[in-house]
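Below is model-v9.txt, which holds compact mmCIF, C-alpha atoms and all ligand atoms.
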```
# COMPACT_ATOMS: atom_id res chain seq x y z
CA MET D 20 104.98 93.83 97.47
CA LYS D 21 104.51 92.18 100.82
CA PHE D 22 103.59 95.14 102.95
CA LEU D 23 100.49 97.22 102.45
CA ASP D 24 99.16 99.76 104.89
CA GLU D 25 96.24 101.23 103.01
CA ALA D 26 93.36 99.53 101.29
CA LYS D 27 90.02 100.52 99.86
CA VAL D 28 87.35 97.93 100.31
CA TYR D 29 83.73 97.55 99.25
CA ILE D 30 81.42 96.02 101.81
CA ARG D 31 77.82 94.97 101.59
CA SER D 32 75.76 93.36 104.30
CA GLY D 33 73.15 90.76 103.41
CA ASP D 34 69.56 91.63 102.56
CA GLY D 35 66.92 90.21 104.83
CA GLY D 36 64.86 87.31 103.47
CA ASN D 37 61.27 87.97 102.43
CA GLY D 38 58.35 86.86 104.54
CA CYS D 39 56.09 84.30 102.96
CA VAL D 40 52.35 84.25 102.27
CA ALA D 41 51.04 80.72 102.68
CA PHE D 42 48.03 78.90 104.07
CA ARG D 43 47.72 75.56 105.67
CA ARG D 44 46.14 73.12 103.23
CA GLU D 45 45.33 69.68 104.38
CA LYS D 46 42.65 67.19 103.68
CA PHE D 47 39.70 67.45 106.08
CA ILE D 48 41.07 70.61 107.67
CA GLU D 49 39.19 73.61 106.41
CA PHE D 50 40.31 77.15 107.05
CA GLY D 51 43.78 75.92 107.96
CA GLY D 52 44.92 79.49 108.56
CA PRO D 53 48.03 81.42 107.54
CA ASN D 54 51.37 79.69 107.97
CA GLY D 55 53.90 81.77 106.01
CA GLY D 56 57.25 81.94 107.85
CA ASN D 57 59.48 84.94 108.42
CA GLY D 58 62.53 85.71 106.33
CA GLY D 59 66.01 85.28 107.83
CA ARG D 60 68.30 88.16 108.77
CA GLY D 61 71.03 89.11 106.36
CA GLY D 62 74.63 88.60 107.44
CA ASP D 63 76.69 91.46 108.91
CA VAL D 64 80.05 92.71 107.73
CA VAL D 65 82.38 92.64 110.69
CA VAL D 66 85.97 93.75 111.06
CA ALA D 67 87.99 91.73 113.55
CA CYS D 68 91.42 92.37 114.96
CA VAL D 69 93.50 89.20 114.88
CA ASP D 70 96.93 88.06 115.89
CA GLY D 71 99.59 87.07 113.41
CA LEU D 72 98.99 89.68 110.72
CA ASN D 73 101.09 92.74 110.16
CA THR D 74 99.98 94.00 106.80
CA LEU D 75 96.78 94.62 104.87
CA ILE D 76 98.16 92.80 101.86
CA ASP D 77 95.17 90.43 101.75
CA TYR D 78 93.03 93.37 100.70
CA ARG D 79 95.05 93.87 97.59
CA TYR D 80 93.72 90.60 96.25
CA GLN D 81 90.15 90.78 97.46
CA GLN D 82 88.43 94.12 97.70
CA HIS D 83 84.75 93.20 97.68
CA PHE D 84 83.11 91.61 100.66
CA LYS D 85 79.47 90.67 100.61
CA ALA D 86 77.68 88.98 103.44
CA GLN D 87 75.12 86.30 102.65
CA ARG D 88 71.48 87.31 102.36
CA GLY D 89 68.85 85.84 104.66
CA ALA D 90 66.77 83.02 103.18
CA ASN D 91 63.12 83.65 102.43
CA GLY D 92 60.46 82.34 104.75
CA MET D 93 58.40 79.40 103.52
CA GLY D 94 55.05 77.78 104.08
CA LYS D 95 54.35 75.47 107.02
CA ASP D 96 55.73 78.15 109.36
CA ARG D 97 59.26 77.68 108.19
CA SER D 98 61.51 80.69 108.87
CA GLY D 99 64.36 81.44 106.54
CA ALA D 100 67.91 80.87 107.76
CA ASN D 101 69.99 83.89 108.76
CA GLY D 102 72.74 84.83 106.36
CA SER D 103 76.27 84.22 107.60
CA ASP D 104 78.51 87.16 108.44
CA VAL D 105 81.64 88.04 106.58
CA VAL D 106 84.64 88.87 108.74
CA LEU D 107 87.45 91.13 107.59
CA LYS D 108 90.55 90.07 109.49
CA VAL D 109 92.95 92.92 110.11
CA PRO D 110 96.17 93.35 112.10
CA VAL D 111 96.40 95.24 115.37
CA GLY D 112 96.60 98.97 114.75
CA THR D 113 94.18 99.12 111.84
CA GLN D 114 91.85 102.05 111.56
CA VAL D 115 88.70 101.95 109.48
CA PHE D 116 87.68 105.16 107.75
CA GLU D 117 84.80 106.24 105.59
CA ASP D 118 85.61 106.66 101.94
CA ASP D 119 86.44 110.33 102.64
CA ARG D 120 89.55 109.09 104.56
CA GLU D 121 88.67 111.34 107.46
CA THR D 122 85.70 109.99 109.35
CA LEU D 123 86.95 107.33 111.68
CA ILE D 124 84.58 104.40 112.01
CA ALA D 125 86.66 102.07 114.13
CA ASP D 126 90.09 101.92 115.67
CA LEU D 127 91.28 98.38 116.33
CA THR D 128 94.01 98.36 118.91
CA ARG D 129 93.46 95.06 120.73
CA VAL D 130 93.42 91.52 119.46
CA GLY D 131 89.91 90.14 119.60
CA GLN D 132 88.20 93.48 119.07
CA ARG D 133 85.26 93.27 116.64
CA VAL D 134 83.25 96.05 115.13
CA VAL D 135 80.20 95.66 112.93
CA LEU D 136 80.67 97.83 109.84
CA ALA D 137 77.39 97.08 108.12
CA ARG D 138 74.38 95.39 109.62
CA GLY D 139 72.43 92.82 107.71
CA GLY D 140 68.84 93.70 106.80
CA ASN D 141 66.08 92.26 108.96
CA GLY D 142 63.98 89.52 107.48
CA GLY D 143 60.36 90.31 106.63
CA PHE D 144 57.47 88.88 108.60
CA GLY D 145 55.48 86.07 107.01
CA ASN D 146 51.71 86.24 106.92
CA ALA D 147 51.39 84.00 110.00
CA HIS D 148 52.75 86.94 111.97
CA PHE D 149 49.89 89.18 110.90
CA LYS D 150 47.02 86.97 111.94
CA SER D 151 44.78 88.48 114.55
CA SER D 152 41.27 88.13 115.88
CA THR D 153 39.97 90.52 113.25
CA ASN D 154 42.12 89.45 110.35
CA ARG D 155 42.32 85.69 110.39
CA ALA D 156 43.57 85.24 106.87
CA PRO D 157 46.10 88.02 106.16
CA ARG D 158 47.29 87.91 102.61
CA HIS D 159 50.35 90.00 102.96
CA ALA D 160 53.88 89.53 104.19
CA ASN D 161 56.82 91.94 104.56
CA PRO D 162 59.72 91.98 102.19
CA GLY D 163 63.16 91.71 103.77
CA GLN D 164 65.05 94.92 104.42
CA PRO D 165 67.98 95.63 102.18
CA GLY D 166 71.53 95.44 103.53
CA GLU D 167 73.91 98.38 103.58
CA GLU D 168 76.66 98.90 101.10
CA ARG D 169 79.57 101.27 101.10
CA TRP D 170 83.23 101.76 100.45
CA ILE D 171 85.56 101.96 103.40
CA ARG D 172 89.25 102.53 103.78
CA LEU D 173 91.53 100.52 105.99
CA ARG D 174 94.67 102.15 107.25
CA LEU D 175 97.27 100.32 109.26
CA LYS D 176 99.32 102.17 111.82
CA LEU D 177 101.79 99.76 113.29
CA ILE D 178 101.84 99.78 117.03
CA ALA D 179 105.35 100.18 118.32
CA ASP D 180 106.60 101.73 121.54
CA ALA D 181 109.44 103.58 119.87
CA GLY D 182 110.10 104.65 116.30
CA LEU D 183 113.36 105.21 114.43
CA VAL D 184 113.53 108.32 112.28
CA GLY D 185 116.35 109.94 110.38
CA LEU D 186 117.78 110.64 106.96
CA PRO D 187 118.36 107.76 104.55
CA ASN D 188 121.54 105.85 105.37
CA ALA D 189 121.58 107.09 108.96
CA GLY D 190 121.90 103.49 110.10
CA LYS D 191 118.34 102.98 111.29
CA SER D 192 117.94 99.47 109.94
CA THR D 193 121.40 98.52 111.19
CA PHE D 194 120.39 99.73 114.63
CA LEU D 195 117.20 97.69 114.59
CA ALA D 196 119.10 94.63 113.42
CA ALA D 197 121.68 95.09 116.18
CA VAL D 198 119.18 95.31 119.01
CA SER D 199 116.49 92.87 117.92
CA ALA D 200 115.98 89.66 116.00
CA ALA D 201 114.53 91.61 113.07
CA ARG D 202 116.54 91.29 109.85
CA PRO D 203 115.80 94.38 107.77
CA LYS D 204 117.64 94.97 104.54
CA ILE D 205 120.76 97.04 105.07
CA ALA D 206 122.87 98.66 102.37
CA ASP D 207 124.95 101.76 101.79
CA TYR D 208 122.54 103.48 99.43
CA PRO D 209 119.57 105.67 100.37
CA PHE D 210 116.08 104.19 100.57
CA THR D 211 117.13 100.66 101.31
CA THR D 212 114.11 100.40 103.56
CA LEU D 213 110.92 100.75 101.57
CA HIS D 214 108.38 99.96 104.22
CA PRO D 215 108.29 99.96 108.00
CA GLY D 216 109.52 97.00 109.99
CA LEU D 217 109.22 96.05 113.63
CA GLY D 218 111.54 94.38 116.08
CA VAL D 219 111.26 93.36 119.70
CA VAL D 220 114.07 94.76 121.80
CA GLY D 221 115.10 93.13 125.06
CA ILE D 222 116.95 95.14 127.69
CA ASP D 223 117.32 94.52 131.44
CA GLY D 224 114.79 91.69 131.28
CA ARG D 225 112.17 93.94 129.72
CA GLU D 226 110.92 94.19 126.18
CA PHE D 227 109.58 96.86 123.89
CA VAL D 228 108.77 97.15 120.21
CA LEU D 229 110.94 99.33 117.98
CA ALA D 230 109.85 100.37 114.48
CA ASP D 231 112.27 101.04 111.63
CA LEU D 232 110.98 103.51 109.04
CA PRO D 233 112.13 104.47 105.57
CA GLY D 234 114.41 107.51 105.59
CA LEU D 235 113.09 111.04 105.34
CA ILE D 236 114.58 113.66 103.07
CA GLU D 237 114.11 117.37 102.70
CA GLY D 238 110.70 117.95 101.15
CA ALA D 239 109.27 114.58 102.23
CA HIS D 240 106.07 116.33 103.28
CA GLU D 241 105.67 117.41 99.67
CA GLY D 242 106.14 113.86 98.51
CA LEU D 243 109.86 113.81 97.80
CA GLY D 244 111.64 110.52 98.33
CA LEU D 245 109.15 108.11 99.78
CA GLY D 246 107.22 111.05 101.15
CA ASP D 247 105.96 111.18 104.70
CA ARG D 248 103.18 108.68 104.39
CA PHE D 249 104.98 106.15 106.55
CA LEU D 250 105.23 108.68 109.34
CA GLY D 251 101.69 107.63 110.23
CA HIS D 252 103.27 104.55 111.72
CA VAL D 253 105.12 106.49 114.37
CA GLU D 254 102.02 108.46 115.36
CA ARG D 255 101.30 105.89 118.03
CA CYS D 256 104.85 105.49 119.25
CA LYS D 257 105.56 106.81 122.69
CA ILE D 258 108.98 108.08 121.73
CA LEU D 259 111.11 108.73 118.69
CA LEU D 260 114.73 107.71 118.33
CA HIS D 261 116.29 110.16 115.95
CA LEU D 262 119.50 108.80 114.43
CA VAL D 263 121.91 111.22 112.83
CA ASP D 264 124.68 109.87 110.62
CA GLY D 265 128.03 110.74 112.20
CA THR D 266 129.80 110.29 108.87
CA GLY D 267 127.49 112.81 107.22
CA ALA D 268 128.61 116.31 106.30
CA HIS D 269 127.00 118.25 109.14
CA ALA D 270 125.15 116.46 111.92
CA GLY D 271 123.33 119.60 113.05
CA GLU D 272 122.00 120.30 109.57
CA SER D 273 120.91 116.67 109.10
CA TYR D 274 119.07 116.87 112.37
CA ARG D 275 117.23 120.04 111.37
CA VAL D 276 116.14 118.62 108.03
CA VAL D 277 114.39 115.73 109.72
CA ARG D 278 112.90 117.94 112.42
CA ARG D 279 111.42 120.20 109.75
CA GLU D 280 109.76 117.20 108.14
CA LEU D 281 108.37 116.01 111.45
CA GLU D 282 106.99 119.46 112.13
CA ALA D 283 105.48 119.68 108.66
CA TYR D 284 103.71 116.40 109.34
CA GLY D 285 101.92 117.87 112.33
CA VAL D 286 102.00 118.48 116.05
CA ILE D 287 101.31 114.85 116.78
CA LEU D 288 104.91 114.06 115.80
CA ALA D 289 106.55 117.39 116.44
CA ASP D 290 105.58 117.23 120.12
CA LYS D 291 106.57 113.64 120.65
CA PRO D 292 109.49 113.07 123.01
CA GLU D 293 112.66 112.41 121.10
CA ILE D 294 116.01 110.86 121.84
CA VAL D 295 118.83 112.04 119.64
CA ALA D 296 121.79 109.85 118.84
CA LEU D 297 124.81 110.26 116.62
CA SER D 298 125.36 106.97 114.78
CA LYS D 299 128.34 105.12 113.30
CA SER D 300 130.71 106.32 116.02
CA ASP D 301 133.16 103.53 115.14
CA ALA D 302 133.78 105.15 111.77
CA LEU D 303 134.67 108.55 113.24
CA THR D 304 138.03 109.92 114.28
CA PRO D 305 137.95 111.49 117.76
CA GLU D 306 138.32 114.87 116.10
CA VAL D 307 135.30 114.47 113.77
CA ARG D 308 133.31 112.89 116.50
CA ARG D 309 133.83 115.86 118.81
CA LYS D 310 132.83 118.25 116.06
CA GLN D 311 129.70 116.35 115.10
CA VAL D 312 128.59 115.99 118.72
CA ALA D 313 128.99 119.72 119.24
CA ARG D 314 126.99 120.52 116.10
CA LEU D 315 124.26 118.12 117.04
CA ARG D 316 124.11 119.44 120.56
CA ARG D 317 123.65 122.96 119.26
CA ALA D 318 120.88 121.87 116.90
CA ALA D 319 119.03 119.66 119.34
CA GLY D 320 119.60 121.78 122.41
CA ARG D 321 120.96 118.90 124.48
CA PRO D 322 123.85 116.47 124.32
CA PRO D 323 123.18 113.56 121.96
CA PHE D 324 123.89 109.92 122.62
CA VAL D 325 126.71 108.48 120.57
CA VAL D 326 126.23 104.97 119.27
CA SER D 327 127.68 102.44 116.92
CA ALA D 328 125.35 99.71 115.81
CA ALA D 329 128.36 97.94 114.30
CA THR D 330 130.29 97.53 117.56
CA GLY D 331 127.39 97.91 119.98
CA ASP D 332 129.09 100.91 121.55
CA GLY D 333 126.67 103.16 123.46
CA VAL D 334 123.67 101.09 122.40
CA PRO D 335 122.57 99.84 125.84
CA ALA D 336 122.48 103.40 127.17
CA VAL D 337 120.11 104.44 124.39
CA LEU D 338 117.90 101.42 124.96
CA ARG D 339 117.68 102.14 128.69
CA GLU D 340 116.77 105.72 127.96
CA LEU D 341 114.07 104.58 125.54
CA LEU D 342 112.67 102.17 128.09
CA ALA D 343 112.63 104.84 130.79
CA ALA D 344 110.79 107.21 128.47
CA ILE D 345 108.26 104.53 127.54
CA ASP D 346 107.66 103.77 131.22
CA ALA D 347 107.32 107.44 132.07
CA GLN D 348 104.64 107.84 129.42
CA ALA D 349 102.81 104.71 130.44
CA SER D 350 102.61 105.88 134.05
CA ASP D 351 101.49 109.45 133.43
CA ARG D 352 98.88 108.44 130.94
CA THR D 353 95.61 107.22 132.33
CA GLU D 354 93.93 104.17 130.85
CA PRO D 355 93.13 104.97 127.22
CA ALA D 356 89.49 105.65 126.54
CA GLU D 357 87.55 102.83 124.96
CA PRO D 358 88.26 103.08 121.22
CA ALA D 359 85.45 104.14 118.96
CA GLY D 360 82.85 101.44 119.17
CA ALA D 361 80.54 100.08 116.56
CA TRP D 362 79.48 102.42 113.87
CA GLN D 363 75.96 103.56 114.51
CA PRO D 364 73.76 104.04 111.49
N1 LIG Z 1 130.73 101.78 110.40
C1 LIG Z 1 129.42 101.74 110.60
N2 LIG Z 1 128.58 101.66 109.55
C2 LIG Z 1 127.27 101.60 109.78
C3 LIG Z 1 126.74 101.63 111.10
N3 LIG Z 1 125.40 101.59 111.01
C4 LIG Z 1 125.10 101.52 109.71
N4 LIG Z 1 126.22 101.53 108.95
C5 LIG Z 1 126.26 101.47 107.48
O1 LIG Z 1 125.49 102.50 106.94
C6 LIG Z 1 124.82 102.10 105.76
C7 LIG Z 1 123.35 102.39 105.84
O2 LIG Z 1 122.75 101.64 106.87
P1 LIG Z 1 121.22 101.33 106.92
O3 LIG Z 1 120.97 100.69 108.25
O4 LIG Z 1 120.76 100.60 105.71
O5 LIG Z 1 120.62 102.79 106.91
P2 LIG Z 1 119.10 103.24 107.00
O6 LIG Z 1 119.03 104.43 107.87
O7 LIG Z 1 118.23 102.09 107.37
O8 LIG Z 1 118.86 103.71 105.51
P3 LIG Z 1 117.51 103.72 104.67
O9 LIG Z 1 116.80 102.46 104.94
O10 LIG Z 1 117.99 103.80 103.27
O11 LIG Z 1 116.77 104.93 105.09
C8 LIG Z 1 125.13 100.62 105.62
O12 LIG Z 1 126.14 100.45 104.66
C9 LIG Z 1 125.61 100.20 106.98
O13 LIG Z 1 126.53 99.13 106.94
C10 LIG Z 1 127.66 101.72 112.20
O14 LIG Z 1 127.31 101.74 113.37
N5 LIG Z 1 128.97 101.77 111.88
MG MG Z 2 116.79 101.18 106.44
```

Encoding of this model in structure tokens:
Amino acid sequence: MKFLDEAKVYIRSGDGGNGCVAFRREKFIEFGGPNGGNGGRGGDVVVACVDGLNTLIDYRYQQHFKAQRGANGMGKDRSGANGSDVVLKVPVGTQVFEDDRETLIADLTRVGQRVVLARGGNGGFGNAHFKSSTNRAPRHANPGQPGEERWIRLRLKLIADAGLVGLPNAGKSTFLAAVSAARPKIADYPFTTLHPGLGVVGIDGREFVLADLPGLIEGAHEGLGLGDRFLGHVERCKILLHLVDGTGAHAGESYRVVRRELEAYGVILADKPEIVALSKSDALTPEVRRKQVARLRRAAGRPPFVVSAATGDGVPAVLRELLAAIDAQASDRTEPAEPAGAWQP
């Protein structure tokens, strides 16, 4: 298991240090006065978006994160040290939810973004803080405030510009391997791909990121096959590339099965722009090819692209179309709103 896109994590920020009650005691100095220092602040729990990660696998091995508590204040006006923060490093595209899996706390879409998930408790004041003209020898100090603790859920949604969907064995991984440097596992049995993979595609001097997903089957939204849980990864794609196996029994029917699953997942995918392509054209006789194209055109309502990842036939046309669709979306979408900021208690 090298890929993990969901994790449940316990976090606890540091308690504040206690204030101190102390008095100055020195030979020949009477009434030295209060000199108890303040406690230090507890450390925060922070989630930070970093480069170079693409899974939440680290959170399989460590699920509890506690920030350091602030040190207590001491006599001679010594303040306690602040506790150090603990930083949860996560890949780009991670969302942080409450334990209910629904309330979004933070959405990390840019490298360098940091959100405080739990603030450390403030340190308590020492008795030196409470001295005044009327109370010159206060004998009390504040305790530190406790930190916060809770369970959160991390969910990774890979950020790709385009996503590959289709039935198992449609040739999705082969397509990704043909157009990028990614080397996904490819084999002639269903569910070769068990988790999403990304590749960078170069075309006409431009680049975009293409995601390969495990295949969908009829009933995926009810959990059949690998289910539709990986579809979350294409939620953020600008466009879907729907591959339909040309060597399959009926291209139109295959297309509809996958569309039904996308629709069952929700409007967010059902309404996404889609490019339809018939794959494995090299393995088709002209007769079969004509038939499959006609079926697919009827099902999709427009003529499909015809590609062969094996020979590279028709591939550049699809890539150009993808790029054009990505550009079109980038231009008609205004700057995205600032993602949800720090969680406010
Ligand atoms: N002739 C021919 N065979 C292909 C082509 N593309 C894929 N195949 C074959 O189809 C089979 C399935 O390919 P994959 O790329 O693993 O299919 P997939 O859609 O990723 O399948 P899952 O990961 O199981 O969902 C493999 O045996 C490939 O060699 C193609 O363009 N031409
Ligand atoms: Mg695959």

Per residue of chain D within 12 Å of ligand MG 2 (chain Z), which atom pair is closest and at what distance in Å (one decimal), using all atoms listed in the file, listed by chain and increasing number, as CSV?
```
residue,atom,partner,partner_atom,distance
D:Leu183,CA,Z:MG2,MG,9.6
D:Val184,CA,Z:MG2,MG,9.8
D:Gly185,CA,Z:MG2,MG,9.6
D:Leu186,CA,Z:MG2,MG,9.5
D:Pro187,CA,Z:MG2,MG,7.0
D:Asn188,CA,Z:MG2,MG,6.7
D:Ala189,CA,Z:MG2,MG,8.0
D:Gly190,CA,Z:MG2,MG,6.7
D:Lys191,CA,Z:MG2,MG,5.4
D:Ser192,CA,Z:MG2,MG,4.1
D:Thr193,CA,Z:MG2,MG,7.1
D:Phe194,CA,Z:MG2,MG,9.1
D:Leu195,CA,Z:MG2,MG,8.9
D:Ala196,CA,Z:MG2,MG,9.8
D:Ala201,CA,Z:MG2,MG,11.9
D:Arg202,CA,Z:MG2,MG,10.5
D:Pro203,CA,Z:MG2,MG,7.0
D:Lys204,CA,Z:MG2,MG,6.5
D:Ile205,CA,Z:MG2,MG,5.9
D:Ala206,CA,Z:MG2,MG,7.7
D:Asp207,CA,Z:MG2,MG,9.4
D:Tyr208,CA,Z:MG2,MG,9.4
D:Pro209,CA,Z:MG2,MG,8.0
D:Phe210,CA,Z:MG2,MG,6.6
D:Thr211,CA,Z:MG2,MG,5.2
D:Thr212,CA,Z:MG2,MG,4.0
D:Leu213,CA,Z:MG2,MG,7.6
D:His214,CA,Z:MG2,MG,8.8
D:Pro215,CA,Z:MG2,MG,8.7
D:Gly216,CA,Z:MG2,MG,9.1
D:Leu217,CA,Z:MG2,MG,11.6
D:Ala230,CA,Z:MG2,MG,10.7
D:Asp231,CA,Z:MG2,MG,6.9
D:Leu232,CA,Z:MG2,MG,6.8
D:Pro233,CA,Z:MG2,MG,5.8
D:Gly234,CA,Z:MG2,MG,6.8
D:Leu235,CA,Z:MG2,MG,10.6
D:Leu262,CA,Z:MG2,MG,11.4
```

Between atom C2 of ligand LIG 1 (chain Z) and atom CA of Val337 of chain D, distance in Å (one decimal):
16.5 Å

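Compared by their closest atoms to ligand LIG 1 (chain Z), and using all atoms listed in the file, the residues D:Thr266, D:Ser199, D:Gln311, D:Ser350 rank with D:Thr266 nearest.
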
Length of the atom CA of Ala26 of chain D to atom CA of Glu117 of chain D vector [Å]
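So the two atoms, atom CA of Ala26 of chain D and atom CA of Glu117 of chain D, lie 11.7 Å apart.
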
Around (106.5, 119.1, 108.0), as given in the file, which residues come within 12 Å? Count all atoms listed in the file and list them as a PyMOL selection string.
chain D and resi 235-243+246-248+250+275-289

Here is a test: counting all atoms listed in the file, which residue of D:Asp264, D:Glu272, D:Asp290, D:Glu226 is nearest to ligand LIG 1 (chain Z)?
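Counting all atoms listed in the file, the residue closest to ligand LIG 1 (chain Z) is D:Asp264.
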
If we count only C-alpha atoms, what is near segment 39-50 of chain D at a cut-off of 7 Å, once residues fewer than 2 positions away on the same chain are taken out, given as an mmCIF file with C-alpha atoms, keeping the file's coordinate frame?
```cif
data_model
loop_
_atom_site.group_PDB
_atom_site.id
_atom_site.type_symbol
_atom_site.label_atom_id
_atom_site.label_comp_id
_atom_site.auth_asym_id
_atom_site.auth_seq_id
_atom_site.Cartn_x
_atom_site.Cartn_y
_atom_site.Cartn_z
ATOM 1 C CA ASN D 37 61.270 87.970 102.430
ATOM 2 C CA GLY D 52 44.920 79.490 108.560
ATOM 3 C CA PRO D 53 48.030 81.420 107.540
ATOM 4 C CA ASN D 54 51.370 79.690 107.970
ATOM 5 C CA GLY D 55 53.900 81.770 106.010
ATOM 6 C CA GLY D 56 57.250 81.940 107.850
ATOM 7 C CA ASN D 57 59.480 84.940 108.420
ATOM 8 C CA GLY D 92 60.460 82.340 104.750
ATOM 9 C CA MET D 93 58.400 79.400 103.520
ATOM 10 C CA GLY D 94 55.050 77.780 104.080
ATOM 11 C CA LYS D 95 54.350 75.470 107.020
ATOM 12 C CA GLY D 145 55.480 86.070 107.010
ATOM 13 C CA ASN D 146 51.710 86.240 106.920
ATOM 14 C CA ARG D 158 47.290 87.910 102.610
ATOM 15 C CA HIS D 159 50.350 90.000 102.960
ATOM 16 C CA ALA D 160 53.880 89.530 104.190
#
```

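Between atom CA of Cys68 of chain D and atom CA of Phe22 of chain D the interatomic distance comes to 17.3 Å.
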
Residues at most 9 Å from Val334 of chain D, counting only C-alpha atoms, excluding those fewer than 4 positions away in the same chain, as a ChimeraX atom specification?
/D:194,197-198,324-328,330,338-339

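Between Arg138 of chain D and the residues D:Arg172, D:His261, D:Lys108, D:Arg60, the shortest atom-to-atom distance, using all atoms listed in the file, involves D:Arg60.
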
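Across D:Ala200, D:Ala268, D:Ala302, D:Val219, the tightest approach to Asp332 of chain D is made by D:Ala302 when counting all atoms listed in the file.
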
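In terms of minimum interatomic distance to ligand LIG 1 (chain Z), D:Gly331 ranks closest within D:Ala347, D:Gly331, D:Asn154, D:Cys256, counting only C-alpha atoms and all ligand atoms.
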
Rank D:Pro305, D:Gly221, D:Gly99, D:Gly267 by their smallest atom-to-atom distance to ligand LIG 1 (chain Z), using all atoms listed in the file, and report the top residue only.
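The shortest atom-to-atom distance to ligand LIG 1 (chain Z) comes from D:Gly267.
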
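Residues in contact range of Leu136 of chain D, defined as at most 10 Å between all atoms listed in the file, with sequence neighbours fewer than 4 positions away removed, read Ile30, Arg31, Ser32, Asp63, Val64, Val65, Val66, Val106, Leu107, Val115, Ile124, Ala125, Glu167, Glu168, Arg169, Ile171, Ala361, Trp362, Gln363 and Pro364 of chain D.
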